[in-house]
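J.: This is the structure, below, for whatever I ask next.
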Amino acid sequence: MVRVLSKQKHGISIVHINAQSLNNKMDELRNIFTSSSIDIVCVSETWFHPELNDFVYNLSDYNLFRADRVSNAGGVCIYIRKELKCSVKIKSETDSEIEYIFLELITKGSKILLGTLYRPNRNIPFNNLLRVIETHSVYYNDVIIAGDFNSNLLVEKKLMESMNTLGLYSVNTSTPTHFSSAGNTLLDAFFVNCTSKILLYDQLSASTFSKHDLIFITYDTFVDRAKSQTVYRDFSKIDFHSLWTLENEINWSVVYNLDSVEDQIDYMEYHITNLYNACVPLKSRIVCNNQQPWFSQEIRRLINYRDELYKRWKRFKTHLLYDQFKKARKKVSDSIKTAKNQYYQQKFSTAVDSGSKWKIIRNIGIGQKNKAVVLQFSLT
């Protein structure tokens with residue numbers, strides 16, 4: 001359903017979910033959003049460990065921006081497609097009562113202030129964050145804020161009125177987003193300064209993550225969704241006839257008459273490069289990453305069954321249905337662990353030397369430090 005919602009011809013697609021810990025749910029997050037057309041994924045209650053590298057929490061084709069909490073729980077993050085131009089404007093300190101992160105997003109003809117936040121409980125004052133929003137929002141034509149505000153917007157009006165004074169208005173005002181045996185509340189919301197630019201709003205059950213629904217908007221701004229491509233030389237299609245013909249036309253004896261070694265190297269490099277470019281064709285391929293090769297159809301079936309039980313519990317709220325849902329949820333978790341164990345056991349069993357084993361370990365993310373790493377290489 002996420003993929004169906006994201007197939008809009010216009011606008012930028014943004015989702016928000018309170019995950020109540022992504023530490024043990026990254027596999028399903030990747031299963032949902034890898035190869036989807038969602039542009040931005042906002043998450044509250046990430047529970048990320050500050051000492052762990054972004055690699056551990058990566059989502060293919062997205063850049064990750066995060067504001068972690070030092071202690072357990074809490075934290076927010078934004079996954080944003082790599083082709084979108086953005087930068088961090090401000091984010092909360094690790095000991096902040098309300099966690100938030102705001103990005104400046106530049107699309108064609110528009111500059112957007114995009115933020116996500118998590119307010120742990122309704123008794124925490126909102127004034128400091130309101131000042132942050134007011135200070136930065138005045139410089140932007142478009143402002144989009146998503147989060148878990150922990151204020152039931154169905155009945156509590158103070159937060160909504162405070163946001164209205166800043167020129168921000170709730171997109172969703174009538175349907176609960178959080179469900180429990182004690183009752184249903186609207187805690188998760190999008191606030192924007194221009195409601196007329198909302199092309200679509202919807203929400204979906206997200207039992208994968210928590211008792212919070214996933215909320216979704218499409219916002220009216222132009223986004224260039226150029227598909228990620230890999231460009232490479234196809235050595236299987238070398239034109240050997242042209243290679244020999246062109247090579248025979250080069251006067252290699254000129255090398256002996258050049259004055260310096262540098263000139264000789266330049267001469268040879270020039271002609272070899274021309275041969276390479278002329279006879280080894282370039283190819284491009286759209287990258288479709290499969291980050292969970294062990295994610296089987298049986299696991300997908302168990303996920304669908306678990307989600308169906310969750311929908312039934314949301315409707316009828318019986319203890320029996322909730323117990324059935326918890327058992328199904330545990331079975332999904334156990335099946336994923338088993339499939340991953342079997343996959344990596346097989347991978348390690350075929351690793352012929354320590355170098356191969358360490359490559360597998362690094363790909364998993366074990367031992368990665370939380371520091372920026374810049375990779376520079378040429379695919380051609």
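Within each chain, counting starts at residue 1; across the structure tokens, chains are named A, B, ... in the order shown, with ligands numbered 1 upward in that order.
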I'd like the contact shell of range 173-181 of chain A - 10 Å cut-off, only C-alpha atoms, skipping same-chain residues fewer than 3 positions apart - returned as a tab-separated table (two decimals) with N, CA and C atoms, in the first residue's frame.
T.:
```tsv
chain	number	residue	atom	x	y	z
A	17	ILE	N	6.26	7.82	10.90
A	17	ILE	CA	5.85	6.70	11.75
A	17	ILE	C	6.56	6.79	13.09
A	18	ASN	N	5.81	6.56	14.16
A	18	ASN	CA	6.43	6.35	15.46
A	18	ASN	C	6.79	4.87	15.52
A	148	ASP	N	5.30	12.92	16.41
A	148	ASP	CA	4.43	12.45	17.47
A	148	ASP	C	4.42	13.55	18.53
A	150	ASN	N	2.29	13.83	21.06
A	150	ASN	CA	1.75	13.36	22.34
A	150	ASN	C	0.74	14.34	22.93
A	152	ASN	N	-3.46	14.79	22.26
A	152	ASN	CA	-4.60	14.26	21.53
A	152	ASN	C	-5.33	15.40	20.81
A	153	LEU	N	-5.04	15.56	19.54
A	153	LEU	CA	-5.58	16.68	18.78
A	153	LEU	C	-7.08	16.56	18.53
A	154	LEU	N	-7.68	15.42	18.90
A	154	LEU	CA	-9.13	15.28	18.79
A	154	LEU	C	-9.85	16.13	19.84
A	155	VAL	N	-9.18	16.32	20.98
A	155	VAL	CA	-9.84	17.04	22.08
A	155	VAL	C	-9.00	18.18	22.64
A	160	MET	N	-2.60	22.92	18.89
A	160	MET	CA	-3.02	23.31	17.56
A	160	MET	C	-3.13	24.84	17.44
A	169	TYR	N	-0.75	24.67	10.12
A	169	TYR	CA	-2.07	24.07	10.29
A	169	TYR	C	-1.99	22.56	10.12
A	170	SER	N	-2.74	21.85	10.93
A	170	SER	CA	-2.71	20.38	10.92
A	170	SER	C	-3.39	19.85	9.66
A	184	ASN	N	-8.59	5.47	21.61
A	184	ASN	CA	-7.89	5.88	20.40
A	184	ASN	C	-7.65	7.39	20.44
A	185	THR	N	-6.46	7.81	20.06
A	185	THR	CA	-6.09	9.22	20.13
A	185	THR	C	-5.37	9.64	18.85
A	186	LEU	N	-5.37	10.94	18.60
A	186	LEU	CA	-4.67	11.50	17.45
A	186	LEU	C	-3.40	12.18	17.97
A	187	LEU	N	-2.30	11.44	17.92
A	187	LEU	CA	-1.03	11.94	18.45
A	187	LEU	C	-0.04	12.32	17.36
A	188	ASP	N	-0.20	11.71	16.19
A	188	ASP	CA	0.76	11.89	15.10
A	188	ASP	C	0.14	12.80	14.04
A	189	ALA	N	0.89	13.79	13.61
A	189	ALA	CA	0.30	14.77	12.70
A	189	ALA	C	1.34	15.40	11.79
A	190	PHE	N	0.85	15.92	10.68
A	190	PHE	CA	1.60	16.82	9.81
A	190	PHE	C	1.08	18.23	10.02
A	203	GLN	N	-3.51	7.40	5.85
A	203	GLN	CA	-2.81	6.73	6.95
A	203	GLN	C	-3.07	5.24	6.87
A	204	LEU	N	-2.09	4.47	7.34
A	204	LEU	CA	-2.12	3.01	7.22
A	204	LEU	C	-1.73	2.38	8.54
A	205	SER	N	-2.33	1.25	8.85
A	205	SER	CA	-1.88	0.48	10.00
A	205	SER	C	-0.43	0.08	9.81
A	210	SER	N	4.55	-0.24	15.58
A	210	SER	CA	3.95	0.12	16.86
A	210	SER	C	2.44	0.20	16.71
A	211	LYS	N	1.79	0.72	17.75
A	211	LYS	CA	0.34	0.94	17.70
A	211	LYS	C	-0.01	2.29	17.09
A	212	HIS	N	0.99	2.95	16.51
A	212	HIS	CA	0.76	4.19	15.80
A	212	HIS	C	0.58	3.90	14.31
A	213	ASP	N	-0.37	4.56	13.67
A	213	ASP	CA	-0.51	4.45	12.22
A	213	ASP	C	0.62	5.19	11.52
A	214	LEU	N	0.96	4.71	10.33
A	214	LEU	CA	1.84	5.45	9.44
A	214	LEU	C	0.99	6.52	8.75
A	215	ILE	N	1.44	7.78	8.80
A	215	ILE	CA	0.71	8.85	8.12
A	215	ILE	C	1.50	9.32	6.92
A	313	TRP	N	-7.80	-6.53	15.55
A	313	TRP	CA	-7.74	-6.06	16.94
A	313	TRP	C	-8.12	-4.59	17.04
A	314	LYS	N	-7.64	-3.76	16.09
A	314	LYS	CA	-7.99	-2.34	16.10
A	314	LYS	C	-9.50	-2.14	16.03
A	315	ARG	N	-10.17	-3.04	15.36
A	315	ARG	CA	-11.61	-2.89	15.19
A	315	ARG	C	-12.39	-3.38	16.38
A	316	PHE	N	-12.02	-4.55	16.94
A	316	PHE	CA	-12.84	-5.19	17.98
A	316	PHE	C	-12.25	-5.07	19.39
A	317	LYS	N	-10.92	-4.85	19.50
A	317	LYS	CA	-10.24	-4.61	20.78
A	317	LYS	C	-10.49	-5.71	21.83
A	318	THR	N	-10.41	-6.98	21.41
A	318	THR	CA	-10.58	-8.08	22.36
A	318	THR	C	-9.21	-8.60	22.79
A	319	HIS	N	-9.14	-9.14	24.02
A	319	HIS	CA	-7.88	-9.71	24.52
A	319	HIS	C	-7.43	-10.89	23.67
A	322	TYR	N	-5.74	-9.69	20.54
A	322	TYR	CA	-4.43	-9.10	20.80
A	322	TYR	C	-3.40	-10.18	21.12
```
J.: Residues near Asp234 in chain A, anyone? I mean within 8 Å using only C-alpha atoms, not counting same-chain ones fewer than 6 positions away, as a CSV table (one decimal) with N, CA and C atoms, in the first residue's frame.
T.:
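So result03.csv came out as:
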```
chain,number,residue,atom,x,y,z
A,280,VAL,N,35.8,-0.4,-25.7
A,280,VAL,CA,35.1,-1.0,-24.6
A,280,VAL,C,33.9,-0.2,-24.3
A,281,PRO,N,32.7,-0.7,-24.7
A,281,PRO,CA,31.5,0.1,-24.6
A,281,PRO,C,31.0,0.4,-23.2
A,282,LEU,N,30.5,1.6,-23.0
A,282,LEU,CA,29.9,2.0,-21.7
A,282,LEU,C,28.5,1.4,-21.7
A,283,LYS,N,28.1,1.0,-20.5
A,283,LYS,CA,26.7,0.5,-20.3
A,283,LYS,C,26.2,1.2,-19.0
```
J.: Output as a ChimeraX atom specification all residues of range 211-251 of chain A that backbone DSSP marks as strand (DSSP E or B).
T.: /A:212,214-219,222,229-233
J.: Would you mind reading off the distance between CA of Leu29 in chain A and CA of Lys111 in chain A, one decimal, in Å?
T.: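 CA of Leu29 in chain A sits 28.1 Å away from CA of Lys111 in chain A.
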J.: From range 36-275 of chain A, collect each residue whose DSSP state is alpha helix (DSSP H) and return the set as a ChimeraX atom specification.
T.: /A:127-137,158-165,240-248,261-275
J.: If I take CA of Gly11 in chain A and CA of Thr107 in chain A, how far is one from the other in Å, to one decimal?
T.: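 Computing the Euclidean distance for CA of Gly11 in chain A and CA of Thr107 in chain A yields 10.3 Å.
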J.: Show me, as a ChimeraX atom specification, the residues that have an atom within 12 Å of Ile101 in chain A when counting only C-alpha atoms, minus same-chain residues fewer than 2 positions from it.
T.: /A:42-44,64-68,75-79,87-94,96,98-99,103-104,113-118,129,132-133,144-147
